[in-house]
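Shown next, in C-alpha cells, is the structure this report addresses.
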Amino acid sequence: MTFATLRALHAIIGDALVEIERVYHAPQPQAPQHQDANGDSGLEALPLDFPSLDVPYYKSARHNVEEEAAERLTADPAVVGAASRIVAACGQLAAAVNRPFFSLVEGVHSGHLAACLRFLEASNTVEILRAAGPEGMHVNDIARRIDELDAGHTSSQYPVDPGRLGHILRVLATYHWLREVRPDVFANNRLSALVDSGKTLEQLRAAFVYLGSSHPGWESTDPTSFSPTSKHDGTDGIAAFVAMISDEFSKSMTFMTDALLPHKQRAASICSHHSAAPTPYKTPFNLAFRTDLGYFEWLEQPENTARLREFGRAMTAARMWEVAENIIGAFPWTDLRQDALVVDVGGGVGSTSVVLAAAFPHLRFVVQDREQVVKIAPSIWGASHSELLASGRVTFLAHDFFTPQPAQDTAASVRVFVVRGCTHNWPDEEVRKMLRLLRDAATAVTKLLIVDVLLPYACYDDTDIDDRIPGAVRSLVPEGSPLLANLGKASAPEYLMDISMMAVLNAKERTLHELSSLAHSAGWRIVRTTRAGGSLWAYTTAEPI
C-alpha cells in the first residue's frame with residue numbers, strides 16, 4: 001500500500017497547485033491607486049504568476065501592479081489552505097522516501113541552520129546583498145562590506161573570513177534562503193528578503209547598537225562609539241525576531257536535555273566544580289544563561305536593555321504568525337456599544353489594539369503590560385498610528401496581570417478582556433491565576449477572548465472533547481486523507497514554538513481540551529473557538545461561569 005499512499009500524496013500536491021493557479025488566473029480587482037478615472041486598470045483580465053522564489057520581494061521597495069497583486073494573493077484563504085496541503089504532503093513524501101539515516105543526520109544538525117540564519121541577520125548580509133542587486137556579490141566583497149559596517153567598533157578587531165563566510169552562505173543557499181548565482185557569488189531571494197530591515201548601509205552604520213551581554217569578556221571597551229538607535233527600530237520586526245529566536249531561544253534549546261535529565265553523564269557540565277551533584281535549574285533557559293531569573297525578569301535587567309527593546313519589536317513581527325486582521329472577524333466587535341472598553345492584557349507594545357482600534361473607531365483600548373514595556377511602547381510605534389495614541393483611544397497602563405485588575409470607571413466598564421499570545425508564556429498554575437483575576441474583575445456581560453495557538457493531535461482526536469463548543473474539530477484533514485491529522489510539516493512552526501515555550505518559559509502551547517479545562521478551573525466557560533485559515537492560531541471566546 002506504500003505506493004498507493006505516495007501517489008495519494010502526489011495527487012494532493014497536484015490538486016492544491018491547481019487550486020492556487022485557479023486563484024491567480026482569476027480576474028483580480030486592482031487597488032484604487034492603480035485605476036484610471038473610470039476605475040479601470042486594464043489588468044483585471046491578465047492572469048498572475050505565483051511569486052518566484054528567486055526574486056526578492058523587499059517590503060520597503062516600490063513594486064509594480066502585478067507584483068503587488070501576486071503578493072497580496074499569497075494571503076488569500078484558498079491559497080493559504082492549498083499551500084498548507086502542499087507543504088504537508090511534500091514533507092510527508094520526503095520523510096517516506098528519504099533514507100532514514102540521512103533524515104537523522106539532517107535532524108540532529110538542524111540547529112546549524114538556525115545558527116546560519118542568526119549570522120545572516122547579525123552580519124547585515126541581507127542588506128548588503130540588497131544593495132548589490134540581482135547579480136549578487138562575491139564572498140570577498142561581502143566580507144569586506146560586513147567589516148566596513150562594523151568599522152570603529154570592537155567587532156572590527158575580528159574581520160570576517162571570506163572562506164568561512166562562503167560556507168555559511170552555501171548552507172543557506174542549499175536550504176533556499178539565498179541564491180548562489182555563480183561560484184562564491186550570492187544574491188538574495190524571496191526568503192532572505194523577509195529578513196531585510198529596509199535600512200540602507202549608511203543607516204546601518206549610524207544605527208549600530210551594542211547588545212550588552214552578561215557573559216564576562218563581552219563588554220565594550222568604548223561605549224561612546226555605539227549609537228543608542230537600534231537597527232530594528234522603525235521596521236516590521238522580522239529581523240529582530242530572527243535575532244531573538246536564534247539567540248536566547250536557540251541557546252536555551254541546546255540545554256534542554258541537560259536541564260530535563262541532569263543525571264545523565266553528558267549533562268556533567270551543569271555540575272559545580274566542587275560537587276558531582278547537578279545544579280538545579282528551573283528551565284533550560286536558566287541553565288543556558290546561568291541565571292535564576294525568569295526570562296521576562298532577565299530581560300528587564302540593565303545589561304539587557306537592548307534585548308528588551310528588541311523583544312518588543314520582535315513581538316510586533318510575531319503577528320505574521322497569523323494574519324493580524326483575522327482578529328477583526330473573530331469576535332462581534334460591532335455589537336459593543338460606543339466607547340466600550342477593551343483591555344489588552346499583556347498586550348506588549350499594543351500591536352493587537354492598534355489593529356482593532358483602526359477597524360473599530362467606536363471602541364477604546366487599554367494596553368496593559370509591565371512598566372518597562374509600556375514605557376518604550378509609544379517610541380516603538382514612532383509616527384505610525386500617532387493619531388490613535390494622541391486621541392487616547394489607545395492608551396498604555398503598567399500592570400502586572402498576576403495582581404488584581406485596576407478599578408475601571410463604571411461608564412466604561414470592561415466589556416472584553418483580550419489575552420493574545422500570553423497563555424503560552426506561562427505554566428498552568430500561573431495561567432489559572434491570571435484568568436481567575438480577570439474573572440474577579442468581570443461582570444456578567446464581560447467576555448474573554450484568548451488568542452493563541454491550539455495544538456491538534458498528530459492523529460485523529462478521539463478524546464472526550466466537548467463537542468458543544470462551536471468550532472471544535474477533531475482533524476484538520478478530510479477523512480481518509482493520507483496526511484497527518486494536524487497537517488504535519490505545514491503545522492511544524494507551532495509545535496516548534498511549543499517546545500521553545502517549554503525551554504525558555506517553563507510553559508507550553510495547549511490543546512483545546514487543555515485550555516478548556518484550565519479556563520473552567522478559573523471560572524470561565526469556553527463558548528466558541530475559530531481557527532485562522534491555514535494556521536493553528538485560534539480565537540477562543542469564554543464567558544463567566
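Labels used: A, B, ... for chains in the order of the C-alpha cells, numbers from 1 for residues in each chain, and numbers from 1 for ligands as shown.
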Report task. Please return as JSON, numbers by chain: the residues of range 79-313 of chain A that backbone DSSP assigns to helix (DSSP H, G or I). Result -> {"A": [79, 80, 81, 82, 83, 84, 85, 86, 87, 88, 89, 90, 91, 92, 93, 94, 95, 96, 97, 100, 101, 102, 103, 104, 105, 106, 107, 108, 110, 111, 112, 113, 114, 115, 116, 117, 118, 119, 120, 121, 122, 125, 126, 127, 128, 129, 130, 131, 132, 139, 140, 141, 142, 143, 144, 145, 146, 147, 148, 149, 154, 155, 156, 157, 162, 163, 164, 165, 166, 167, 168, 169, 170, 171, 172, 173, 174, 190, 191, 192, 193, 201, 202, 203, 204, 205, 206, 223, 224, 225, 238, 239, 240, 241, 242, 243, 244, 245, 246, 247, 248, 249, 250, 251, 252, 253, 254, 256, 257, 258, 259, 260, 265, 266, 267, 268, 269, 270, 284, 285, 286, 287, 288, 289, 295, 296, 297, 298, 299, 302, 303, 304, 305, 306, 307, 308, 309, 310, 311, 312, 313]}
**Report entry** CA of Leu505 in chain A to CA of Asp258 in chain A, straight-line distance in Å
**Finding:** 15.9 Å
Report task. Determine the nearest neighbour of Asp461 in chain A from the options A:Ala485, A:Ala89, A:Leu438, A:Val108, counting only C-alpha atoms. Result ->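 Once distances to Asp461 in chain A are computed over only C-alpha atoms, the minimum belongs to A:Ala485.
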Requested in this report: Find the residues around range 456-459 of chain A up to 12 Å (only C-alpha atoms counted), leave out those fewer than 5 positions away in its own chain, and share them as a VMD selection string.
Outcome: chain A and resid 465 472 to 477 479 481 to 492 494 to 495 509 to 515 531 535 to 538
Query - 10 Å contact set for Pro162 in chain A, only C-alpha atoms, chain neighbours under 4 positions out, as number ranges by chain - result: A: 138-144, 166-168, 184
For the selection you just gave me, I'd like the residues written to a file as a CSV table (one decimal), in the first residue's frame, keeping N, CA and C atoms.
```csv
chain,number,residue,atom,x,y,z
A,138,HIS,N,30.4,38.7,-4.6
A,138,HIS,CA,31.4,37.7,-4.2
A,138,HIS,C,31.6,37.7,-2.7
A,139,VAL,N,31.9,36.6,-2.1
A,139,VAL,CA,32.1,36.5,-0.7
A,139,VAL,C,33.2,37.4,-0.2
A,140,ASN,N,34.3,37.6,-1.1
A,140,ASN,CA,35.3,38.6,-0.7
A,140,ASN,C,34.8,40.0,-0.4
A,141,ASP,N,33.9,40.4,-1.3
A,141,ASP,CA,33.3,41.7,-1.2
A,141,ASP,C,32.3,41.8,-0.1
A,142,ILE,N,31.5,40.7,0.1
A,142,ILE,CA,30.5,40.7,1.2
A,142,ILE,C,31.3,40.8,2.5
A,143,ALA,N,32.4,40.0,2.7
A,143,ALA,CA,33.1,40.1,3.9
A,143,ALA,C,33.7,41.5,4.2
A,144,ARG,N,34.1,42.1,3.1
A,144,ARG,CA,34.7,43.5,3.3
A,144,ARG,C,33.6,44.5,3.7
A,166,GLY,N,31.7,32.0,2.9
A,166,GLY,CA,31.1,31.3,1.8
A,166,GLY,C,30.5,30.0,2.2
A,167,HIS,N,31.0,29.3,3.1
A,167,HIS,CA,30.5,28.0,3.6
A,167,HIS,C,29.1,28.2,4.3
A,168,ILE,N,29.1,29.3,5.1
A,168,ILE,CA,27.8,29.6,5.8
A,168,ILE,C,26.7,30.0,4.8
A,184,ASP,N,30.7,31.1,-5.3
A,184,ASP,CA,31.1,32.1,-4.3
A,184,ASP,C,30.4,33.5,-4.5
```
Requested in this report: Considering only C-alpha atoms, return as a list of chain:residue names whatever protein or nucleic-acid residues lie within 7 Å of Ala259 in chain A, sequence-local ones (same chain, fewer than 2 positions apart) excluded.
Outcome: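 After dropping sequence-adjacent residues, the list is A:Phe255, A:Met256, A:Thr257, A:Leu261, A:Pro262, A:Tyr281, A:Thr283, A:Pro284, A:Leu287.
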Requested in this report: May I ask for the distance between CA of His63 in chain A and CA of Gln203 in chain A, given in Å to one decimal place?
Outcome: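 That distance, rounded to one decimal, is 22.2 Å.
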Query raised in the report: How many Å lie between CA of Val185 in chain A and CA of Gly133 in chain A, rounded to one decimal?
Result: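 Between CA of Val185 in chain A and CA of Gly133 in chain A the gap is 11.7 Å.
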Please provide the set of residues having any atom within 10 Å of range 520-528 of chain A, restricted to only C-alpha atoms, with same-chain residues fewer than 2 positions apart removed, written as an mmCIF file with C-alpha atoms, in the first residue's frame.
```cif
data_model
loop_
_atom_site.group_PDB
_atom_site.id
_atom_site.type_symbol
_atom_site.label_atom_id
_atom_site.label_comp_id
_atom_site.auth_asym_id
_atom_site.auth_seq_id
_atom_site.Cartn_x
_atom_site.Cartn_y
_atom_site.Cartn_z
ATOM 1 C CA ALA A 330 -13.038 36.608 15.193
ATOM 2 C CA PHE A 331 -15.340 38.439 17.599
ATOM 3 C CA VAL A 431 -2.396 30.920 33.761
ATOM 4 C CA ARG A 432 -5.099 29.815 36.180
ATOM 5 C CA LYS A 433 -4.190 32.705 38.488
ATOM 6 C CA MET A 434 -4.207 35.177 35.586
ATOM 7 C CA LEU A 435 -7.625 34.057 34.350
ATOM 8 C CA ARG A 436 -9.078 33.952 37.868
ATOM 9 C CA LEU A 437 -8.072 37.594 38.435
ATOM 10 C CA LEU A 438 -9.787 38.537 35.173
ATOM 11 C CA ARG A 439 -12.857 36.601 36.267
ATOM 12 C CA ASP A 440 -12.902 38.513 39.555
ATOM 13 C CA LYS A 447 -16.228 38.354 27.532
ATOM 14 C CA LEU A 448 -12.758 36.819 27.463
ATOM 15 C CA LEU A 449 -11.036 36.399 24.091
ATOM 16 C CA ILE A 450 -7.953 34.182 24.197
ATOM 17 C CA ASP A 466 -16.628 18.989 24.343
ATOM 18 C CA ARG A 468 -20.765 21.584 22.180
ATOM 19 C CA ILE A 469 -18.046 24.157 21.589
ATOM 20 C CA PRO A 470 -18.731 25.599 18.126
ATOM 21 C CA GLY A 471 -15.593 25.443 16.028
ATOM 22 C CA ALA A 472 -14.043 22.438 17.761
ATOM 23 C CA LEU A 512 -8.437 22.778 23.155
ATOM 24 C CA LEU A 515 -7.330 25.179 27.508
ATOM 25 C CA SER A 516 -10.989 24.398 28.226
ATOM 26 C CA SER A 517 -10.131 22.607 31.475
ATOM 27 C CA LEU A 518 -7.808 25.404 32.533
ATOM 28 C CA THR A 530 -12.379 29.534 15.476
ATOM 29 C CA TYR A 539 -9.651 32.798 18.696
ATOM 30 C CA THR A 540 -11.395 31.317 21.709
ATOM 31 C CA THR A 541 -14.239 33.148 23.426
ATOM 32 C CA ALA A 542 -15.215 32.453 27.015
ATOM 33 C CA GLU A 543 -17.941 33.725 29.335
ATOM 34 C CA PRO A 544 -18.055 33.904 33.137
ATOM 35 C CA ILE A 545 -19.425 30.779 34.807
#
```
**Report entry** Residues within 9 Å of Gly198 in chain A, only C-alpha atoms, excluding chain neighbours under 2 positions, as a list in words
**Finding:**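 Everything that qualifies: Tyr58, Lys59, Ser60, Ala61, Glu127, Val195, Asp196, Thr200 and Thr235 of chain A.
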Store the residues of this selection in a file with N, CA and C atoms, as a PDB file, in the first residue's frame.
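The result, stored in selection_3.pdb:
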```
ATOM      1  N   TYR A  58      11.142  42.964  -1.526  1.00  0.00           N
ATOM      2  CA  TYR A  58      11.513  43.837  -0.418  1.00  0.00           C
ATOM      3  C   TYR A  58      10.320  44.693  -0.020  1.00  0.00           C
ATOM      4  N   LYS A  59       9.983  44.634   1.237  1.00  0.00           N
ATOM      5  CA  LYS A  59       8.804  45.367   1.720  1.00  0.00           C
ATOM      6  C   LYS A  59       8.988  46.876   1.602  1.00  0.00           C
ATOM      7  N   SER A  60      10.223  47.328   1.647  1.00  0.00           N
ATOM      8  CA  SER A  60      10.490  48.762   1.610  1.00  0.00           C
ATOM      9  C   SER A  60      10.605  49.304   0.187  1.00  0.00           C
ATOM     10  N   ALA A  61      10.553  48.424  -0.817  1.00  0.00           N
ATOM     11  CA  ALA A  61      10.741  48.846  -2.209  1.00  0.00           C
ATOM     12  C   ALA A  61       9.392  49.118  -2.876  1.00  0.00           C
ATOM     13  N   GLU A 127      21.028  43.063   3.850  1.00  0.00           N
ATOM     14  CA  GLU A 127      21.038  44.453   3.398  1.00  0.00           C
ATOM     15  C   GLU A 127      22.179  44.702   2.414  1.00  0.00           C
ATOM     16  N   VAL A 195      13.981  38.927   5.805  1.00  0.00           N
ATOM     17  CA  VAL A 195      14.796  39.339   6.951  1.00  0.00           C
ATOM     18  C   VAL A 195      15.336  40.755   6.764  1.00  0.00           C
ATOM     19  N   ASP A 196      15.085  41.360   5.614  1.00  0.00           N
ATOM     20  CA  ASP A 196      15.613  42.688   5.312  1.00  0.00           C
ATOM     21  C   ASP A 196      15.011  43.741   6.239  1.00  0.00           C
ATOM     22  N   THR A 200      19.305  51.378   4.717  1.00  0.00           N
ATOM     23  CA  THR A 200      20.441  51.483   3.817  1.00  0.00           C
ATOM     24  C   THR A 200      21.711  51.153   4.584  1.00  0.00           C
ATOM     25  N   THR A 235      11.020  49.201  11.905  1.00  0.00           N
ATOM     26  CA  THR A 235      10.879  48.109  10.939  1.00  0.00           C
ATOM     27  C   THR A 235       9.673  47.255  11.318  1.00  0.00           C
TER      28      THR A 235
END
```
Query raised in the report: Between A:Phe50, A:Phe417, A:Tyr175, A:Phe186, which one has atoms that come closest to His112 in chain A, using only C-alpha atoms?
Result: A:Tyr175
